[in-house]
Amino acid sequence: MHIDMTDYPLLDKANLPEQLRLLPQEQLPQLSQELRQFLLKTVSQSSGHFASGLGTVELTVALHYVYNTPFDRVIWDVGHQAYPHKILTGRRERMHTIRQKDGLHPFPYREESEYDVLSVGHSSTSISAALGMAIAAQQAKSQRKVVAVIGDGAITAGMAFEALNHAGEVKPDMLVILNDNEMSISENVGALNQYFARILSGSFYTSLREGGKKILRGMPPLHELASKAEEHFKGMVTPGTFFEELGFNYIGPIDGHDVLSLVDTIRNMRQLKGPQLLHIVTKKGKGYAPAEADPIGYHAVSKFDPSASSQPAKKAGLPSFSNIFGQWICDMAEQDERLQAITPAMREGSDLVAYSRRFPKRYFDVAIAEQHAVTLAAGMAIEGLKPVVAIYSSFLQRGYDQLIHDVALQQLDVLFAIDRAGIVGADGPTHQGAFDISFMRCIPNITIMVPSDENECRQMLYTGYQHPGVAAVRYPRGSGTGIAAEEKMELLPIGKARLVRQGEQLAILAFGPLLAACQLAADTLNATLVDMRFVKPLDEQLLQQLMRSHGQILTVEDNALMGGAGSAVNEYLVQHHYQGKVMNLGLPDEFIKHGSQQEIYQELGLDSQGILTQAQALTALSQAK
């Protein structure tokens with residue numbers, strides 16, 4: 001898709017940061033406006049993350065204008081806000097391919113550009129990585145500057161505070177920019193903060209402060225008085241005492257949409273020694289009224305008409321597995337007052353909006369703190385409550401030790417509702433739910449269920465909730481199969497599979513939502529088809545029957561093959577001396593890149609035709625012997 005750059009004369013001159021730095025500073029407001037309009041045009045035509053990028057336009061311009069990137073390092077946290085960064089670092093002509101198969105990666109990605117210093121997708125990693133780079137620069141005496149950009153949501157994670165605490169001890173030269181898009185600053189207060197930011201970040205104030213400390217260090221009473229006076233002076237215009245206590249020089253908050261003041265302030269702070277923190281205030285969706293009014297709705301968008309006042313209503317379709325969970329947890333909470341819902345900042349994604357409004361006292365959004373979410377559930381379970389942790393598969397990875405140490409080891413009654421399991425599609429390798437079966441299956445005291453359709457999901461959630469111990473139900477992103485979820489909730493027998501089709505010779509064991517894709521192979525080859533339902537414990541009685549009656553066994557799952565459900569079957573078959581042929585289908589030993597779910601399944605041979613082709617190869621191999 002070619003975009004006529006006639007409407008973007010300055011942006012046309014700034015395809016790379018070195019070209020941007022040739023522009024006069026007074027032209028940066030116009031450049032920012034063009035960049036925002038270009039972002040609006042491209043994302044509206046291609047889909048992608050949107051509101052966050054609109055909020056970081058001026059910051060991105062200022063950072064690449066002041067810093068000598070890519071020699072100087074700019075690390076973006078999460079990466080939703082990095083679209084302007086991609087546009088200014090040589091990828092402008094490919095923005096229409098973002099999040100599409102073989103197109104630009106949805107987040108900063110090291111393999112894509114030298115300007116993407118750290119591949120990101122999960123939050124709260126930027127400060128730790130920046131600290132490591134700053135220490136390396138210090139040891140090499142390279143004069144390299146390092147900046148980490150982190151949002152007010154991401155900084156709630158424990159990892160961010162661990163990094164801040166360590167940086168305050170090591171004291172390398174580095175800048176952390178806290179992008180706060182929740183606070184608001186009125187014009188007069190904003191102007192006042194801009195003024196003091198330039199004063200406080202300037203060389204005169206810095207030299208005066210540091211020089212004064214050296215002179216007064218030998219006179220404790222005066223030194224203490226001077227420190228208090230400095231804190232009082234800064235406290236009149238900044239809320240940064242907390243960061244100062246961690247060892248950072250704090251500046252802000254300042255208006256993150258005033259690009260000229262940002263450049264002045266960041267240029268001053270670039271020269272300062274030790275760890276610095278600049279607090280800026282921005283607005284998600286800045287410059288596009290519908291996104292400003294609904295930043296959550298415009299966080300990630302499909303193609304839309306920029307002239308419309310809102311996104312078009314989504315066509316009514318099949319309920320998603322997330323919807324099934326959202327309905328189930330409301331129904332279950334009506335029946336049991338002990339139920340407590342916990343989520344690490346994924347209320348909308350996990351479909352907990354209705355629950356949070358109906359049961360606000362039993363709803364806990366712990367922010368981006370997955371470790372805390374898991375152990376919070378442990379504490380609740382110890383006291384007789386019934387916690388349900390709603391969490392994405394790739395985010396549960398961050399609470400793994402807590403899952404083992406605080407929940408499973410103590411055999412506590414906690415249900416994990418694991419959303420976005422398997423292939424998630426356009427968000428790419430950082431968000432694929434590829435590993436949860438593998439990393440959970442090796443943990444003692446845990447029951448793992450994999451629903452193949454909407455009704456199975458509802459009944460498994462109920463079964464896991466009633467099960468007196470650790471239980472996990474993992475389900476995929478997106479719409480279900482069209483199977484209506486029954487209102488009545490019934491317990492499934494733990495560890496029992498469901499026979500879907502009786503056949504001969506070949507047995508296809510499907511784990512989870514790929515059951516439907518296995519139907520073609522089962523019908524074509526007259527194969528037995530089994531909805532395994534449980535990864536742990538396996539239905540050993542059924543496996544014994546299949547070993548005696550079938551010469552080939554094919555397992556199918558949307559998890560990593562290594563350590564996955566197929567591996568569990570293999571272990572059992574080897575232990576019991578199965579003499580037939582076995583094939584495992586699943587995700588290969590590589591990070592799965594972005595693309596639509598269907599494109600990825602087809603590429604990996606996990607669509608209906610791919611499963612049939614590989615099943616035919618297995619039967620042919622068996623017959624050849």
# chains A, B, ... in the order shown; residues from 1 in each chain; ligands from 1

call {"tool": "residues_around", "arguments": {"residues": "Asp539 in chain A", "least_positions_apart": "3", "cutoff": "9 Å", "atoms": "only C-alpha atoms", "output": "compact mmCIF listing (two decimals) with N, CA and C atoms, in the first residue's frame"}}
result
# COMPACT_ATOMS: atom_id res chain seq x y z
N ILE A 494 -13.32 -36.84 36.82
CA ILE A 494 -11.91 -36.43 36.68
C ILE A 494 -11.13 -37.50 35.92
N GLY A 495 -10.41 -37.05 34.90
CA GLY A 495 -9.53 -37.94 34.16
C GLY A 495 -10.23 -38.86 33.19
N LYS A 496 -11.45 -38.53 32.77
CA LYS A 496 -12.17 -39.38 31.83
C LYS A 496 -12.36 -38.66 30.50
N ALA A 497 -11.97 -39.36 29.41
CA ALA A 497 -12.10 -38.80 28.07
C ALA A 497 -13.50 -39.07 27.52
N MET A 532 -9.99 -35.89 24.49
CA MET A 532 -9.29 -36.35 25.69
C MET A 532 -9.72 -35.62 26.96
N ARG A 533 -10.13 -34.36 26.83
CA ARG A 533 -10.63 -33.57 27.95
C ARG A 533 -9.56 -33.26 29.01
N PHE A 534 -8.87 -34.25 29.49
CA PHE A 534 -7.91 -34.08 30.58
C PHE A 534 -6.49 -34.36 30.08
N VAL A 535 -5.58 -33.43 30.35
CA VAL A 535 -4.16 -33.68 30.13
C VAL A 535 -3.57 -34.35 31.36
N LYS A 536 -4.06 -33.96 32.51
CA LYS A 536 -3.59 -34.54 33.76
C LYS A 536 -4.75 -34.59 34.74
N LEU A 542 -8.83 -45.82 29.07
CA LEU A 542 -9.07 -45.71 27.63
C LEU A 542 -7.79 -45.97 26.85
N LEU A 543 -6.67 -45.45 27.32
CA LEU A 543 -5.41 -45.68 26.63
C LEU A 543 -5.08 -47.17 26.56
N GLN A 544 -5.38 -47.89 27.62
CA GLN A 544 -5.14 -49.33 27.60
C GLN A 544 -5.98 -50.00 26.51

call {"tool": "residues_around", "arguments": {"residues": "Leu612 in chain A", "least_positions_apart": "3", "cutoff": "12 Å", "atoms": "only C-alpha atoms", "output": "ChimeraX atom specification"}}
result
/A:506,508,517-527,554,556,585,602,605-609,615-619

call {"tool": "atom_distance", "arguments": {"atom1": "CA of Ser596 in chain A", "atom2": "CA of Gly563 in chain A"}}
result
25.1 Å

call {"tool": "select_by_dssp", "arguments": {"residues": "range 315-535 of chain A", "states": "strand (DSSP E or B)", "output": "ChimeraX atom specification"}}
result
/A:320,339-343,363-365,386-392,415-419,422,433,446-449,470-474,479,498-501,505-510,528-531,534-535

call {"tool": "select_by_dssp", "arguments": {"residues": "range 414-595 of chain A", "states": "alpha helix (DSSP H)", "output": "MDAnalysis selection string"}}
result
chainID A and resid 436:441 454:466 515:524 540:549 565:575

call {"tool": "atom_distance", "arguments": {"atom1": "CA of Ala148 in chain A", "atom2": "CA of Ile391 in chain A"}}
result
26.6 Å

call {"tool": "atom_distance", "arguments": {"atom1": "CA of Ile446 in chain A", "atom2": "CA of Gly469 in chain A"}}
result
7.2 Å

call {"tool": "residues_around", "arguments": {"residues": "Lys593 in chain A", "least_positions_apart": "3", "cutoff": "8 Å", "atoms": "only C-alpha atoms", "output": "PyMOL selection string"}}
result
chain A and resi 101+428-429

call {"tool": "write_last_selection", "arguments": {"atoms": "N, CA and C atoms", "output": "compact mmCIF listing (two decimals), in the first residue's frame"}}
result
# COMPACT_ATOMS: atom_id res chain seq x y z
N LYS A 101 0.71 -11.64 8.73
CA LYS A 101 1.70 -12.68 8.47
C LYS A 101 2.79 -12.16 7.53
N GLY A 428 1.75 -12.35 18.05
CA GLY A 428 3.05 -12.96 17.83
C GLY A 428 3.62 -13.76 18.98
N PRO A 429 4.93 -14.02 18.95
CA PRO A 429 5.56 -15.00 19.84
C PRO A 429 5.48 -14.66 21.32

call {"tool": "residues_around", "arguments": {"residues": "Ala507 in chain A", "least_positions_apart": "2", "cutoff": "8 Å", "atoms": "only C-alpha atoms", "output": "PyMOL selection string"}}
result
chain A and resi 503-505+509+527-530+546+550+552-554

call {"tool": "write_last_selection", "arguments": {"atoms": "C-alpha atoms", "output": "PDB file, in the first residue's frame"}}
result
ATOM      1  CA  GLY A 503     -13.164 -46.463  14.128  1.00  0.00           C
ATOM      2  CA  GLU A 504     -10.413 -48.960  13.363  1.00  0.00           C
ATOM      3  CA  GLN A 505      -6.628 -49.087  13.301  1.00  0.00           C
ATOM      4  CA  LEU A 509      -6.506 -38.257  20.488  1.00  0.00           C
ATOM      5  CA  ALA A 527     -10.387 -43.556  12.613  1.00  0.00           C
ATOM      6  CA  THR A 528     -11.405 -43.517  16.233  1.00  0.00           C
ATOM      7  CA  LEU A 529     -11.666 -39.925  17.484  1.00  0.00           C
ATOM      8  CA  VAL A 530     -11.359 -39.105  21.183  1.00  0.00           C
ATOM      9  CA  LEU A 546      -6.680 -48.199  22.436  1.00  0.00           C
ATOM     10  CA  HIS A 550      -5.338 -49.791  17.409  1.00  0.00           C
ATOM     11  CA  GLN A 552      -1.555 -46.283  15.206  1.00  0.00           C
ATOM     12  CA  ILE A 553      -2.092 -43.426  17.666  1.00  0.00           C
ATOM     13  CA  LEU A 554      -2.066 -39.763  16.634  1.00  0.00           C
TER      14      LEU A 554
END

call {"tool": "closest_residue", "arguments": {"among": "A:Asn455, A:Ser438, A:Gln371, A:Thr56", "to": "Phe321 in chain A", "atoms": "only C-alpha atoms"}}
result
A:Asn455

call {"tool": "residues_around", "arguments": {"residues": "Gln100 in chain A", "least_positions_apart": "3", "cutoff": "7 Å", "atoms": "only C-alpha atoms", "output": "PyMOL selection string"}}
result
chain A and resi 97+103+426+594-595

call {"tool": "closest_residue", "arguments": {"among": "A:Asn570, A:Thr375, A:Thr282, A:Ser126", "to": "Trp76 in chain A", "atoms": "only C-alpha atoms"}}
result
A:Ser126

call {"tool": "residues_around", "arguments": {"residues": "Leu376 in chain A", "least_positions_apart": "4", "cutoff": "9 Å", "atoms": "only C-alpha atoms", "output": "PyMOL selection string"}}
result
chain A and resi 342+371-372+380-381+387

call {"tool": "write_last_selection", "arguments": {"atoms": "C-alpha atoms", "output": "PDB file, in the first residue's frame"}}
result
ATOM      1  CA  ILE A 342      -8.665 -12.254  40.599  1.00  0.00           C
ATOM      2  CA  GLN A 371       3.098 -13.203  40.902  1.00  0.00           C
ATOM      3  CA  HIS A 372       0.996 -11.359  43.445  1.00  0.00           C
ATOM      4  CA  MET A 380      -7.581 -16.598  50.150  1.00  0.00           C
ATOM      5  CA  ALA A 381      -7.748 -20.371  49.729  1.00  0.00           C
ATOM      6  CA  PRO A 387     -10.431 -17.926  44.350  1.00  0.00           C
TER       7      PRO A 387
END

call {"tool": "closest_residue", "arguments": {"among": "A:Glu18, A:Asp427, A:Glu114, A:Asp331", "to": "His64 in chain A", "atoms": "only C-alpha atoms"}}
result
A:Glu18

call {"tool": "residues_around", "arguments": {"residues": "Met562 in chain A", "least_positions_apart": "4", "cutoff": "10 Å", "atoms": "only C-alpha atoms", "output": "list in words"}}
result
Phe435, Ile437, Ser438, Gly566, Ser567, Ala568, Asn584, Gly586, Leu587, Pro588 and Asp589 of chain A

call {"tool": "write_last_selection", "arguments": {"atoms": "N, CA and C atoms", "output": "PDB file, in the first residue's frame"}}
result
ATOM      1  N   PHE A 435       2.976 -22.767  25.873  1.00  0.00           N
ATOM      2  CA  PHE A 435       3.761 -23.552  26.815  1.00  0.00           C
ATOM      3  C   PHE A 435       3.029 -23.988  28.075  1.00  0.00           C
ATOM      4  N   ILE A 437       0.578 -26.105  28.935  1.00  0.00           N
ATOM      5  CA  ILE A 437       0.470 -27.537  29.244  1.00  0.00           C
ATOM      6  C   ILE A 437       1.820 -28.077  29.686  1.00  0.00           C
ATOM      7  N   SER A 438       2.862 -27.696  28.967  1.00  0.00           N
ATOM      8  CA  SER A 438       4.206 -28.209  29.281  1.00  0.00           C
ATOM      9  C   SER A 438       4.668 -27.780  30.663  1.00  0.00           C
ATOM     10  N   GLY A 566       0.847 -34.619  24.062  1.00  0.00           N
ATOM     11  CA  GLY A 566       1.324 -35.778  23.317  1.00  0.00           C
ATOM     12  C   GLY A 566       2.467 -36.470  24.028  1.00  0.00           C
ATOM     13  N   SER A 567       3.346 -35.682  24.630  1.00  0.00           N
ATOM     14  CA  SER A 567       4.448 -36.265  25.400  1.00  0.00           C
ATOM     15  C   SER A 567       3.922 -37.081  26.577  1.00  0.00           C
ATOM     16  N   ALA A 568       2.841 -36.602  27.191  1.00  0.00           N
ATOM     17  CA  ALA A 568       2.242 -37.352  28.298  1.00  0.00           C
ATOM     18  C   ALA A 568       1.745 -38.704  27.810  1.00  0.00           C
ATOM     19  N   ASN A 584       2.882 -37.346  16.989  1.00  0.00           N
ATOM     20  CA  ASN A 584       2.390 -36.207  17.769  1.00  0.00           C
ATOM     21  C   ASN A 584       2.326 -34.976  16.881  1.00  0.00           C
ATOM     22  N   GLY A 586       1.480 -30.827  16.972  1.00  0.00           N
ATOM     23  CA  GLY A 586       1.370 -29.692  17.881  1.00  0.00           C
ATOM     24  C   GLY A 586       2.295 -28.586  17.424  1.00  0.00           C
ATOM     25  N   LEU A 587       2.688 -27.742  18.338  1.00  0.00           N
ATOM     26  CA  LEU A 587       3.535 -26.603  17.994  1.00  0.00           C
ATOM     27  C   LEU A 587       5.001 -27.015  18.025  1.00  0.00           C
ATOM     28  N   PRO A 588       5.755 -26.700  16.977  1.00  0.00           N
ATOM     29  CA  PRO A 588       7.159 -27.113  16.895  1.00  0.00           C
ATOM     30  C   PRO A 588       8.038 -26.366  17.886  1.00  0.00           C
ATOM     31  N   ASP A 589       9.287 -26.813  17.959  1.00  0.00           N
ATOM     32  CA  ASP A 589      10.248 -26.253  18.908  1.00  0.00           C
ATOM     33  C   ASP A 589      10.831 -24.945  18.362  1.00  0.00           C
TER      34      ASP A 589
END

call {"tool": "closest_residue", "arguments": {"among": "A:Arg548, A:Arg358, A:His85, A:His279", "to": "Ile150 in chain A", "atoms": "only C-alpha atoms"}}
result
A:His279
